[in-house]
There are 2 protein chains.
Amino acid sequence: MPLSRTPLWFDDLHVGLRHRSADSAPVDTAAITGFAADWDPQPFHLDDAAARATLFGGLAASGWHTAAITMRLLVTSGVPVAGGMIGAGVQLDWPRPVRPGDVLHVVSEVVELIPSRSKPDRGIAVIRSETRNQRDEAVMVQTAKLVVPRRNQALGQ
Amino acid sequence: MPLSRTPLWFDDLHVGLRHRSADSAPVDTAAITGFAADWDPQPFHLDDAAARATLFGGLAASGWHTAAITMRLLVTSGVPVAGGMIGAGVQLDWPRPVRPGDVLHVVSEVVELIPSRSKPDRGIAVIRSETRNQRDEAVMVQTAKLVVPRRNQALGQ
């Protein structure tokens, strides 16, 4: 059930709210090796032949590349949280490699809502997001704690 | 205490082993806004004036940028784990923003070693890494589960 891009305040969220990214992200060999060359220059992310002899069994995207793609999908077409996606912390797992030719999307669910005790202008929304490939297999699972303003609040420092 | 770049097998690690990245990474405005434009296009990562009105109070790097910088520091000069840095999962926290002009390094400590029950060729090393700025303040804390081969094992799939 796609939401409109109308910003959602903390008060607008509810546990169980689900959202699928409207956008999807194709991943090709050049993108995988380009990201890896910049940020994670290890053989299994840079070269298919070298990757075959490793745990990955072939070229695989850096998990940080998958995380970056996921963030872009969330920012452009994920849950439209008021004030932006501001993460205080996140748990990440990568159950399966991302391969050249994969096309990723993200499915998110609000799993917990924690009003701040000390700051009445905000709350923490705990959102679990699965990044999935074109076969709907999870390639990354993240549980993020987002700082979300209460209705009509602009968060200061 | 810097280690040599001699690869360390699971058997070579011990709980309490500490390592500081030999390299450090300067972060400037162009790097912050460039990464954000590609992966996390939100105003507080793209424009200083826009960022002043937000929780960040000024331009701040995307947490995923900090994570990517940290990975590069770990790959090029972190604990030289045999077989490479292969993460099964990670917990991330960002206690403090990264600002233009910051210079980052990483301090890591082995906190737990878990031999695999089902696969005698490997174990899980739990490594806590703090990414710190030039004032030795933590900007990111991660606890990663790495898959590490036992001595002279090449991990297959």
# chains A, B, ... in the order shown; residues from 1 in each chain; ligands from 1
>>> select_by_dssp(residues="range 36-99 of chain A", states="strand (DSSP E or B)", output="JSON, numbers by chain")
{"A": [81, 87, 88, 89, 90, 91, 92, 93]}
>>> write_last_selection(atoms="all heavy atoms", output="PDB file, in the first residue's frame")
ATOM      1  N   VAL A  81       9.142  10.197   6.292  1.00  0.00           N
ATOM      2  CA  VAL A  81       9.182  10.679   7.665  1.00  0.00           C
ATOM      3  C   VAL A  81       9.439  12.186   7.683  1.00  0.00           C
ATOM      4  O   VAL A  81      10.357  12.667   7.006  1.00  0.00           O
ATOM      5  CB  VAL A  81      10.288   9.935   8.447  1.00  0.00           C
ATOM      6  CG1 VAL A  81      10.444  10.510   9.838  1.00  0.00           C
ATOM      7  CG2 VAL A  81       9.985   8.440   8.508  1.00  0.00           C
ATOM      8  N   GLY A  87      18.966   8.669  11.473  1.00  0.00           N
ATOM      9  CA  GLY A  87      19.174   7.435  12.224  1.00  0.00           C
ATOM     10  C   GLY A  87      20.040   7.666  13.440  1.00  0.00           C
ATOM     11  O   GLY A  87      21.091   8.296  13.351  1.00  0.00           O
ATOM     12  N   ALA A  88      19.592   7.159  14.582  1.00  0.00           N
ATOM     13  CA  ALA A  88      20.433   7.189  15.780  1.00  0.00           C
ATOM     14  C   ALA A  88      21.290   5.934  15.851  1.00  0.00           C
ATOM     15  O   ALA A  88      22.390   5.946  16.400  1.00  0.00           O
ATOM     16  CB  ALA A  88      19.558   7.297  17.022  1.00  0.00           C
ATOM     17  N   GLY A  89      20.793   4.867  15.276  1.00  0.00           N
ATOM     18  CA  GLY A  89      21.537   3.615  15.279  1.00  0.00           C
ATOM     19  C   GLY A  89      20.812   2.605  14.435  1.00  0.00           C
ATOM     20  O   GLY A  89      19.632   2.781  14.107  1.00  0.00           O
ATOM     21  N   VAL A  90      21.525   1.551  14.046  1.00  0.00           N
ATOM     22  CA  VAL A  90      20.911   0.550  13.167  1.00  0.00           C
ATOM     23  C   VAL A  90      21.601  -0.801  13.346  1.00  0.00           C
ATOM     24  O   VAL A  90      22.807  -0.867  13.610  1.00  0.00           O
ATOM     25  CB  VAL A  90      20.970   1.017  11.689  1.00  0.00           C
ATOM     26  CG1 VAL A  90      22.396   1.162  11.208  1.00  0.00           C
ATOM     27  CG2 VAL A  90      20.182   0.123  10.757  1.00  0.00           C
ATOM     28  N   GLN A  91      20.804  -1.852  13.241  1.00  0.00           N
ATOM     29  CA  GLN A  91      21.333  -3.220  13.187  1.00  0.00           C
ATOM     30  C   GLN A  91      21.182  -3.704  11.756  1.00  0.00           C
ATOM     31  O   GLN A  91      20.098  -3.590  11.176  1.00  0.00           O
ATOM     32  CB  GLN A  91      20.528  -4.117  14.141  1.00  0.00           C
ATOM     33  CG  GLN A  91      20.754  -5.617  13.962  1.00  0.00           C
ATOM     34  CD  GLN A  91      22.119  -6.069  14.434  1.00  0.00           C
ATOM     35  OE1 GLN A  91      22.625  -5.606  15.449  1.00  0.00           O
ATOM     36  NE2 GLN A  91      22.734  -6.974  13.687  1.00  0.00           N
ATOM     37  N   LEU A  92      22.266  -4.205  11.176  1.00  0.00           N
ATOM     38  CA  LEU A  92      22.254  -4.657   9.785  1.00  0.00           C
ATOM     39  C   LEU A  92      22.631  -6.119   9.681  1.00  0.00           C
ATOM     40  O   LEU A  92      23.580  -6.558  10.342  1.00  0.00           O
ATOM     41  CB  LEU A  92      23.333  -3.923   8.975  1.00  0.00           C
ATOM     42  CG  LEU A  92      23.232  -2.447   8.700  1.00  0.00           C
ATOM     43  CD1 LEU A  92      24.479  -2.005   7.933  1.00  0.00           C
ATOM     44  CD2 LEU A  92      21.994  -2.180   7.890  1.00  0.00           C
ATOM     45  N   ASP A  93      21.939  -6.844   8.836  1.00  0.00           N
ATOM     46  CA  ASP A  93      22.372  -8.193   8.484  1.00  0.00           C
ATOM     47  C   ASP A  93      22.292  -8.343   6.969  1.00  0.00           C
ATOM     48  O   ASP A  93      21.437  -7.737   6.329  1.00  0.00           O
ATOM     49  CB  ASP A  93      21.493  -9.247   9.171  1.00  0.00           C
ATOM     50  CG  ASP A  93      21.727  -9.280  10.667  1.00  0.00           C
ATOM     51  OD1 ASP A  93      22.714  -9.886  11.092  1.00  0.00           O
ATOM     52  OD2 ASP A  93      20.936  -8.650  11.386  1.00  0.00           O
TER      53      ASP A  93
END
>>> interface_residues(of="chain B", to="chain A", cutoff="10 Å", atoms="only C-alpha atoms", output="ChimeraX atom specification")
/B:35-44,52-58,62-65,67-76,83-96,140-145,147,154-157
>>> residues_around(residues="Pro7 in chain A", least_positions_apart="2", cutoff="7 Å", atoms="only C-alpha atoms", output="PDB file with C-alpha atoms, in the first residue's frame")
ATOM      1  CA  ARG A   5       4.776  11.665  -0.049  1.00  0.00           C
ATOM      2  CA  TRP A   9       5.037  13.019  11.923  1.00  0.00           C
ATOM      3  CA  PRO A  80       8.162   9.841   4.117  1.00  0.00           C
ATOM      4  CA  VAL A  81       9.182  10.679   7.665  1.00  0.00           C
ATOM      5  CA  ALA A  82       8.819  14.363   8.563  1.00  0.00           C
TER       6      ALA A  82
END
>>> select_by_dssp(residues="chain A", states="alpha helix (DSSP H)", output="number ranges by chain")
A: 29-39, 43-46, 48-52, 63-77
>>> write_last_selection(atoms="C-alpha atoms", output="compact mmCIF listing (two decimals), in the first residue's frame")
# COMPACT_ATOMS: atom_id res chain seq x y z
CA THR A 29 28.95 -5.03 -12.47
CA ALA A 30 30.30 -1.52 -13.04
CA ALA A 31 28.33 -0.17 -10.08
CA ILE A 32 29.52 -3.00 -7.82
CA THR A 33 33.20 -2.66 -8.73
CA GLY A 34 33.05 1.15 -8.75
CA PHE A 35 31.64 1.38 -5.24
CA ALA A 36 34.12 -1.24 -4.04
CA ALA A 37 37.09 0.58 -5.55
CA ASP A 38 36.11 3.71 -3.61
CA TRP A 39 35.07 2.20 -0.26
CA PRO A 43 38.87 -8.96 -4.33
CA PHE A 44 35.38 -10.46 -4.01
CA HIS A 45 33.82 -7.03 -4.67
CA LEU A 46 36.22 -6.07 -7.47
CA ASP A 48 34.53 -11.98 -10.60
CA ALA A 49 37.40 -14.41 -11.20
CA ALA A 50 39.00 -13.58 -7.84
CA ALA A 51 35.61 -13.82 -6.15
CA ARG A 52 35.00 -17.37 -7.37
CA GLY A 63 27.35 -4.80 2.05
CA TRP A 64 27.97 -1.06 2.41
CA HIS A 65 26.96 -0.61 -1.22
CA THR A 66 23.71 -2.43 -0.49
CA ALA A 67 23.24 -0.19 2.57
CA ALA A 68 23.84 2.93 0.45
CA ILE A 69 21.41 1.78 -2.27
CA THR A 70 18.85 1.04 0.44
CA MET A 71 19.26 4.50 1.93
CA ARG A 72 18.73 6.12 -1.45
CA LEU A 73 15.56 4.07 -1.99
CA LEU A 74 14.32 5.03 1.48
CA VAL A 75 15.06 8.74 0.97
CA THR A 76 13.50 8.94 -2.48
CA SER A 77 10.54 6.62 -2.01
>>> residues_around(residues="range 116-118 of chain A", least_positions_apart="6", cutoff="12 Å", atoms="only C-alpha atoms", output="list in words")
Phe10, Ile124, Ala125, Leu146, Val147, Val148, Pro149 and Arg150 of chain A
>>> write_last_selection(atoms="C-alpha atoms", output="PDB file, in the first residue's frame")
ATOM      1  CA  PHE A  10       5.693  10.721  14.868  1.00  0.00           C
ATOM      2  CA  ILE A 124      12.066   7.246  18.237  1.00  0.00           C
ATOM      3  CA  ALA A 125      10.475   5.156  15.485  1.00  0.00           C
ATOM      4  CA  LEU A 146      14.916   7.032  13.627  1.00  0.00           C
ATOM      5  CA  VAL A 147      14.483  10.368  15.370  1.00  0.00           C
ATOM      6  CA  VAL A 148      11.053  11.645  14.272  1.00  0.00           C
ATOM      7  CA  PRO A 149       9.518  15.020  15.221  1.00  0.00           C
ATOM      8  CA  ARG A 150       6.071  15.203  16.763  1.00  0.00           C
TER       9      ARG A 150
END
>>> atom_distance(atom1="CA of Val98 in chain B", atom2="CA of Asp11 in chain A")
29.6 Å
>>> residues_around(residues="Val15 in chain A", least_positions_apart="4", cutoff="8 Å", atoms="only C-alpha atoms", output="PyMOL selection string")
chain A and resi 109-113
>>> atom_distance(atom1="CA of Asp121 in chain B", atom2="CA of Ser21 in chain B")
27.4 Å
>>> residues_around(residues="Arg18 in chain A", least_positions_apart="2", cutoff="12 Å", atoms="only C-alpha atoms", output="PDB file with all heavy atoms, in the first residue's frame")
ATOM      1  N   MET A   1       0.848  -1.197   0.000  1.00  0.00           N
ATOM      2  CA  MET A   1       0.000   0.000   0.000  1.00  0.00           C
ATOM      3  C   MET A   1       0.882   1.245   0.000  1.00  0.00           C
ATOM      4  O   MET A   1       1.433   1.618   1.033  1.00  0.00           O
ATOM      5  CB  MET A   1      -0.869  -0.025   1.270  1.00  0.00           C
ATOM      6  CG  MET A   1      -1.782   1.166   1.404  1.00  0.00           C
ATOM      7  SD  MET A   1      -2.941   0.914   2.787  1.00  0.00           S
ATOM      8  CE  MET A   1      -1.818   0.348   4.086  1.00  0.00           C
ATOM      9  N   PRO A   2       1.082   1.855  -1.155  1.00  0.00           N
ATOM     10  CA  PRO A   2       1.967   3.023  -1.195  1.00  0.00           C
ATOM     11  C   PRO A   2       1.346   4.220  -0.483  1.00  0.00           C
ATOM     12  O   PRO A   2       0.148   4.480  -0.598  1.00  0.00           O
ATOM     13  CB  PRO A   2       2.125   3.306  -2.691  1.00  0.00           C
ATOM     14  CG  PRO A   2       0.979   2.634  -3.349  1.00  0.00           C
ATOM     15  CD  PRO A   2       0.541   1.507  -2.465  1.00  0.00           C
ATOM     16  N   LEU A   3       2.165   4.893   0.280  1.00  0.00           N
ATOM     17  CA  LEU A   3       1.733   6.123   0.942  1.00  0.00           C
ATOM     18  C   LEU A   3       1.982   7.287   0.009  1.00  0.00           C
ATOM     19  O   LEU A   3       2.820   7.223  -0.882  1.00  0.00           O
ATOM     20  CB  LEU A   3       2.555   6.331   2.213  1.00  0.00           C
ATOM     21  CG  LEU A   3       2.392   5.265   3.279  1.00  0.00           C
ATOM     22  CD1 LEU A   3       3.460   5.419   4.330  1.00  0.00           C
ATOM     23  CD2 LEU A   3       1.016   5.386   3.918  1.00  0.00           C
ATOM     24  N   LEU A  13       2.432   7.888  12.725  1.00  0.00           N
ATOM     25  CA  LEU A  13       2.908   6.506  12.550  1.00  0.00           C
ATOM     26  C   LEU A  13       2.160   5.565  13.487  1.00  0.00           C
ATOM     27  O   LEU A  13       1.676   5.978  14.541  1.00  0.00           O
ATOM     28  CB  LEU A  13       4.411   6.431  12.841  1.00  0.00           C
ATOM     29  CG  LEU A  13       5.302   7.338  11.973  1.00  0.00           C
ATOM     30  CD1 LEU A  13       6.751   7.288  12.479  1.00  0.00           C
ATOM     31  CD2 LEU A  13       5.250   6.913  10.506  1.00  0.00           C
ATOM     32  N   HIS A  14       2.064   4.307  13.092  1.00  0.00           N
ATOM     33  CA  HIS A  14       1.539   3.301  14.018  1.00  0.00           C
ATOM     34  C   HIS A  14       2.304   2.003  13.804  1.00  0.00           C
ATOM     35  O   HIS A  14       2.799   1.724  12.690  1.00  0.00           O
ATOM     36  CB  HIS A  14       0.027   3.097  13.834  1.00  0.00           C
ATOM     37  CG  HIS A  14      -0.352   2.573  12.483  1.00  0.00           C
ATOM     38  ND1 HIS A  14      -0.686   3.393  11.424  1.00  0.00           N
ATOM     39  CD2 HIS A  14      -0.440   1.315  12.001  1.00  0.00           C
ATOM     40  CE1 HIS A  14      -0.969   2.663  10.357  1.00  0.00           C
ATOM     41  NE2 HIS A  14      -0.821   1.396  10.674  1.00  0.00           N
ATOM     42  N   VAL A  15       2.397   1.241  14.874  1.00  0.00           N
ATOM     43  CA  VAL A  15       3.089  -0.042  14.779  1.00  0.00           C
ATOM     44  C   VAL A  15       2.332  -0.918  13.784  1.00  0.00           C
ATOM     45  O   VAL A  15       1.103  -1.005  13.828  1.00  0.00           O
ATOM     46  CB  VAL A  15       3.179  -0.715  16.164  1.00  0.00           C
ATOM     47  CG1 VAL A  15       3.686  -2.150  16.043  1.00  0.00           C
ATOM     48  CG2 VAL A  15       4.099   0.096  17.077  1.00  0.00           C
ATOM     49  N   GLY A  16       3.079  -1.506  12.865  1.00  0.00           N
ATOM     50  CA  GLY A  16       2.463  -2.343  11.840  1.00  0.00           C
ATOM     51  C   GLY A  16       2.313  -1.628  10.497  1.00  0.00           C
ATOM     52  O   GLY A  16       2.020  -2.273   9.492  1.00  0.00           O
ATOM     53  N   ARG A  20       6.220  -0.074   0.857  1.00  0.00           N
ATOM     54  CA  ARG A  20       7.155  -0.607  -0.134  1.00  0.00           C
ATOM     55  C   ARG A  20       7.695   0.557  -0.950  1.00  0.00           C
ATOM     56  O   ARG A  20       6.925   1.422  -1.374  1.00  0.00           O
ATOM     57  CB  ARG A  20       6.437  -1.608  -1.048  1.00  0.00           C
ATOM     58  CG  ARG A  20       7.373  -2.222  -2.082  1.00  0.00           C
ATOM     59  CD  ARG A  20       6.614  -3.050  -3.109  1.00  0.00           C
ATOM     60  NE  ARG A  20       7.416  -3.197  -4.307  1.00  0.00           N
ATOM     61  CZ  ARG A  20       7.794  -4.364  -4.833  1.00  0.00           C
ATOM     62  NH1 ARG A  20       7.392  -5.489  -4.286  1.00  0.00           N
ATOM     63  NH2 ARG A  20       8.560  -4.411  -5.911  1.00  0.00           N
ATOM     64  N   SER A  21       9.017   0.584  -1.157  1.00  0.00           N
ATOM     65  CA  SER A  21       9.589   1.678  -1.945  1.00  0.00           C
ATOM     66  C   SER A  21       8.964   1.674  -3.331  1.00  0.00           C
ATOM     67  O   SER A  21       8.830   0.628  -3.968  1.00  0.00           O
ATOM     68  CB  SER A  21      11.113   1.528  -2.049  1.00  0.00           C
ATOM     69  OG  SER A  21      11.472   0.332  -2.714  1.00  0.00           O
ATOM     70  N   GLY A  78      10.805   5.863   0.277  1.00  0.00           N
ATOM     71  CA  GLY A  78      10.434   5.062   1.443  1.00  0.00           C
ATOM     72  C   GLY A  78       9.379   5.776   2.278  1.00  0.00           C
ATOM     73  O   GLY A  78       8.713   6.699   1.799  1.00  0.00           O
ATOM     74  N   VAL A  79       9.227   5.353   3.523  1.00  0.00           N
ATOM     75  CA  VAL A  79       8.285   6.018   4.429  1.00  0.00           C
ATOM     76  C   VAL A  79       8.685   7.494   4.519  1.00  0.00           C
ATOM     77  O   VAL A  79       9.828   7.809   4.867  1.00  0.00           O
ATOM     78  CB  VAL A  79       8.334   5.383   5.847  1.00  0.00           C
ATOM     79  CG1 VAL A  79       7.335   6.078   6.769  1.00  0.00           C
ATOM     80  CG2 VAL A  79       8.045   3.895   5.786  1.00  0.00           C
ATOM     81  N   PRO A  80       7.784   8.419   4.166  1.00  0.00           N
ATOM     82  CA  PRO A  80       8.162   9.841   4.117  1.00  0.00           C
ATOM     83  C   PRO A  80       8.114  10.486   5.501  1.00  0.00           C
ATOM     84  O   PRO A  80       7.203  11.223   5.839  1.00  0.00           O
ATOM     85  CB  PRO A  80       7.108  10.444   3.184  1.00  0.00           C
ATOM     86  CG  PRO A  80       5.907   9.571   3.363  1.00  0.00           C
ATOM     87  CD  PRO A  80       6.416   8.186   3.684  1.00  0.00           C
ATOM     88  N   VAL A 106      12.779  -2.019  -1.386  1.00  0.00           N
ATOM     89  CA  VAL A 106      12.801  -2.064   0.077  1.00  0.00           C
ATOM     90  C   VAL A 106      11.373  -2.124   0.609  1.00  0.00           C
ATOM     91  O   VAL A 106      10.499  -1.374   0.146  1.00  0.00           O
ATOM     92  CB  VAL A 106      13.501  -0.818   0.679  1.00  0.00           C
ATOM     93  CG1 VAL A 106      13.629  -0.952   2.199  1.00  0.00           C
ATOM     94  CG2 VAL A 106      14.871  -0.609   0.062  1.00  0.00           C
ATOM     95  N   VAL A 107      11.159  -3.015   1.551  1.00  0.00           N
ATOM     96  CA  VAL A 107       9.874  -3.115   2.234  1.00  0.00           C
ATOM     97  C   VAL A 107      10.110  -2.806   3.710  1.00  0.00           C
ATOM     98  O   VAL A 107      10.979  -3.415   4.339  1.00  0.00           O
ATOM     99  CB  VAL A 107       9.273  -4.528   2.077  1.00  0.00           C
ATOM    100  CG1 VAL A 107       7.977  -4.655   2.858  1.00  0.00           C
ATOM    101  CG2 VAL A 107       9.045  -4.833   0.607  1.00  0.00           C
ATOM    102  N   SER A 108       9.377  -1.830   4.235  1.00  0.00           N
ATOM    103  CA  SER A 108       9.604  -1.359   5.606  1.00  0.00           C
ATOM    104  C   SER A 108       8.370  -1.568   6.466  1.00  0.00           C
ATOM    105  O   SER A 108       7.245  -1.551   5.955  1.00  0.00           O
ATOM    106  CB  SER A 108       9.925   0.144   5.607  1.00  0.00           C
ATOM    107  OG  SER A 108      11.079   0.408   4.855  1.00  0.00           O
ATOM    108  N   GLU A 109       8.596  -1.749   7.753  1.00  0.00           N
ATOM    109  CA  GLU A 109       7.483  -1.852   8.697  1.00  0.00           C
ATOM    110  C   GLU A 109       7.864  -1.166  10.004  1.00  0.00           C
ATOM    111  O   GLU A 109       8.972  -1.350  10.513  1.00  0.00           O
ATOM    112  CB  GLU A 109       7.157  -3.334   8.966  1.00  0.00           C
ATOM    113  CG  GLU A 109       5.979  -3.489   9.915  1.00  0.00           C
ATOM    114  CD  GLU A 109       5.492  -4.939  10.042  1.00  0.00           C
ATOM    115  OE1 GLU A 109       5.966  -5.807   9.286  1.00  0.00           O
ATOM    116  OE2 GLU A 109       4.644  -5.181  10.925  1.00  0.00           O
ATOM    117  N   VAL A 110       6.949  -0.363  10.527  1.00  0.00           N
ATOM    118  CA  VAL A 110       7.161   0.263  11.834  1.00  0.00           C
ATOM    119  C   VAL A 110       6.951  -0.811  12.898  1.00  0.00           C
ATOM    120  O   VAL A 110       5.884  -1.428  12.954  1.00  0.00           O
ATOM    121  CB  VAL A 110       6.174   1.430  12.052  1.00  0.00           C
ATOM    122  CG1 VAL A 110       6.349   2.022  13.455  1.00  0.00           C
ATOM    123  CG2 VAL A 110       6.373   2.502  10.989  1.00  0.00           C
ATOM    124  N   VAL A 111       7.983  -1.053  13.718  1.00  0.00           N
ATOM    125  CA  VAL A 111       7.864  -2.128  14.703  1.00  0.00           C
ATOM    126  C   VAL A 111       7.747  -1.616  16.139  1.00  0.00           C
ATOM    127  O   VAL A 111       7.302  -2.337  17.025  1.00  0.00           O
ATOM    128  CB  VAL A 111       9.020  -3.156  14.604  1.00  0.00           C
ATOM    129  CG1 VAL A 111       8.929  -3.911  13.287  1.00  0.00           C
ATOM    130  CG2 VAL A 111      10.377  -2.521  14.765  1.00  0.00           C
ATOM    131  N   ILE A 127      12.113   1.111  12.827  1.00  0.00           N
ATOM    132  CA  ILE A 127      11.609   0.658  11.525  1.00  0.00           C
ATOM    133  C   ILE A 127      12.500  -0.468  11.004  1.00  0.00           C
ATOM    134  O   ILE A 127      13.721  -0.326  10.924  1.00  0.00           O
ATOM    135  CB  ILE A 127      11.553   1.820  10.510  1.00  0.00           C
ATOM    136  CG1 ILE A 127      10.606   2.918  11.049  1.00  0.00           C
ATOM    137  CG2 ILE A 127      11.095   1.327   9.134  1.00  0.00           C
ATOM    138  CD1 ILE A 127      10.342   4.056  10.083  1.00  0.00           C
ATOM    139  N   ARG A 128      11.855  -1.593  10.698  1.00  0.00           N
ATOM    140  CA  ARG A 128      12.570  -2.734  10.131  1.00  0.00           C
ATOM    141  C   ARG A 128      12.380  -2.695   8.623  1.00  0.00           C
ATOM    142  O   ARG A 128      11.246  -2.628   8.134  1.00  0.00           O
ATOM    143  CB  ARG A 128      11.992  -4.029  10.704  1.00  0.00           C
ATOM    144  CG  ARG A 128      12.674  -5.294  10.207  1.00  0.00           C
ATOM    145  CD  ARG A 128      12.044  -6.528  10.850  1.00  0.00           C
ATOM    146  NE  ARG A 128      12.795  -7.733  10.544  1.00  0.00           N
ATOM    147  CZ  ARG A 128      12.680  -8.426   9.412  1.00  0.00           C
ATOM    148  NH1 ARG A 128      11.853  -8.027   8.464  1.00  0.00           N
ATOM    149  NH2 ARG A 128      13.408  -9.517   9.216  1.00  0.00           N
ATOM    150  N   SER A 129      13.488  -2.701   7.905  1.00  0.00           N
ATOM    151  CA  SER A 129      13.417  -2.650   6.440  1.00  0.00           C
ATOM    152  C   SER A 129      14.148  -3.842   5.846  1.00  0.00           C
ATOM    153  O   SER A 129      15.291  -4.130   6.227  1.00  0.00           O
ATOM    154  CB  SER A 129      14.052  -1.362   5.909  1.00  0.00           C
ATOM    155  OG  SER A 129      13.321  -0.226   6.318  1.00  0.00           O
ATOM    156  N   GLU A 130      13.474  -4.517   4.945  1.00  0.00           N
ATOM    157  CA  GLU A 130      14.139  -5.577   4.180  1.00  0.00           C
ATOM    158  C   GLU A 130      14.422  -5.059   2.785  1.00  0.00           C
ATOM    159  O   GLU A 130      13.523  -4.574   2.100  1.00  0.00           O
ATOM    160  CB  GLU A 130      13.251  -6.818   4.049  1.00  0.00           C
ATOM    161  CG  GLU A 130      13.261  -7.675   5.285  1.00  0.00           C
ATOM    162  CD  GLU A 130      12.667  -9.053   5.030  1.00  0.00           C
ATOM    163  OE1 GLU A 130      12.527  -9.467   3.857  1.00  0.00           O
ATOM    164  OE2 GLU A 130      12.340  -9.710   6.023  1.00  0.00           O
TER     165      GLU A 130
END
>>> decode(residues="range 50-65 of chain B", atoms="N, CA and C atoms", output="short mmCIF file (atom, residue, chain, number, x, y, z; two decimals), in the first residue's frame")
data_model
loop_
_atom_site.label_atom_id
_atom_site.label_comp_id
_atom_site.auth_asym_id
_atom_site.auth_seq_id
_atom_site.Cartn_x
_atom_site.Cartn_y
_atom_site.Cartn_z
N ALA B 50 20.88 24.95 4.77
CA ALA B 50 19.68 24.15 5.05
C ALA B 50 19.87 23.33 6.33
N ALA B 51 21.09 22.89 6.56
CA ALA B 51 21.37 22.03 7.72
C ALA B 51 21.28 22.78 9.04
N ARG B 52 21.47 24.11 8.98
CA ARG B 52 21.47 24.88 10.24
C ARG B 52 20.12 24.83 10.95
N ALA B 53 19.05 24.70 10.17
CA ALA B 53 17.70 24.68 10.76
C ALA B 53 17.29 23.29 11.25
N THR B 54 18.19 22.31 11.17
CA THR B 54 17.83 20.93 11.52
C THR B 54 18.54 20.49 12.80
N LEU B 55 18.20 19.27 13.19
CA LEU B 55 18.83 18.64 14.34
C LEU B 55 20.36 18.72 14.29
N PHE B 56 20.92 18.71 13.08
CA PHE B 56 22.38 18.68 12.94
C PHE B 56 23.02 20.04 13.18
N GLY B 57 22.28 21.12 12.99
CA GLY B 57 22.81 22.44 13.26
C GLY B 57 23.92 22.88 12.32
N GLY B 58 24.09 22.19 11.21
CA GLY B 58 25.14 22.52 10.24
C GLY B 58 25.42 21.29 9.42
N LEU B 59 26.14 21.46 8.33
CA LEU B 59 26.40 20.34 7.42
C LEU B 59 27.03 19.16 8.16
N ALA B 60 26.48 17.98 7.95
CA ALA B 60 26.99 16.76 8.58
C ALA B 60 27.03 15.65 7.55
N ALA B 61 28.03 14.80 7.65
CA ALA B 61 28.14 13.68 6.71
C ALA B 61 27.02 12.67 6.96
N SER B 62 26.55 12.05 5.90
CA SER B 62 25.65 10.90 6.04
C SER B 62 26.33 9.84 6.91
N GLY B 63 25.55 9.22 7.77
CA GLY B 63 26.11 8.10 8.56
C GLY B 63 26.63 6.98 7.68
N TRP B 64 26.05 6.85 6.49
CA TRP B 64 26.53 5.80 5.55
C TRP B 64 27.85 6.19 4.93
N HIS B 65 28.09 7.49 4.82
CA HIS B 65 29.40 7.96 4.37
C HIS B 65 30.45 7.61 5.44
#
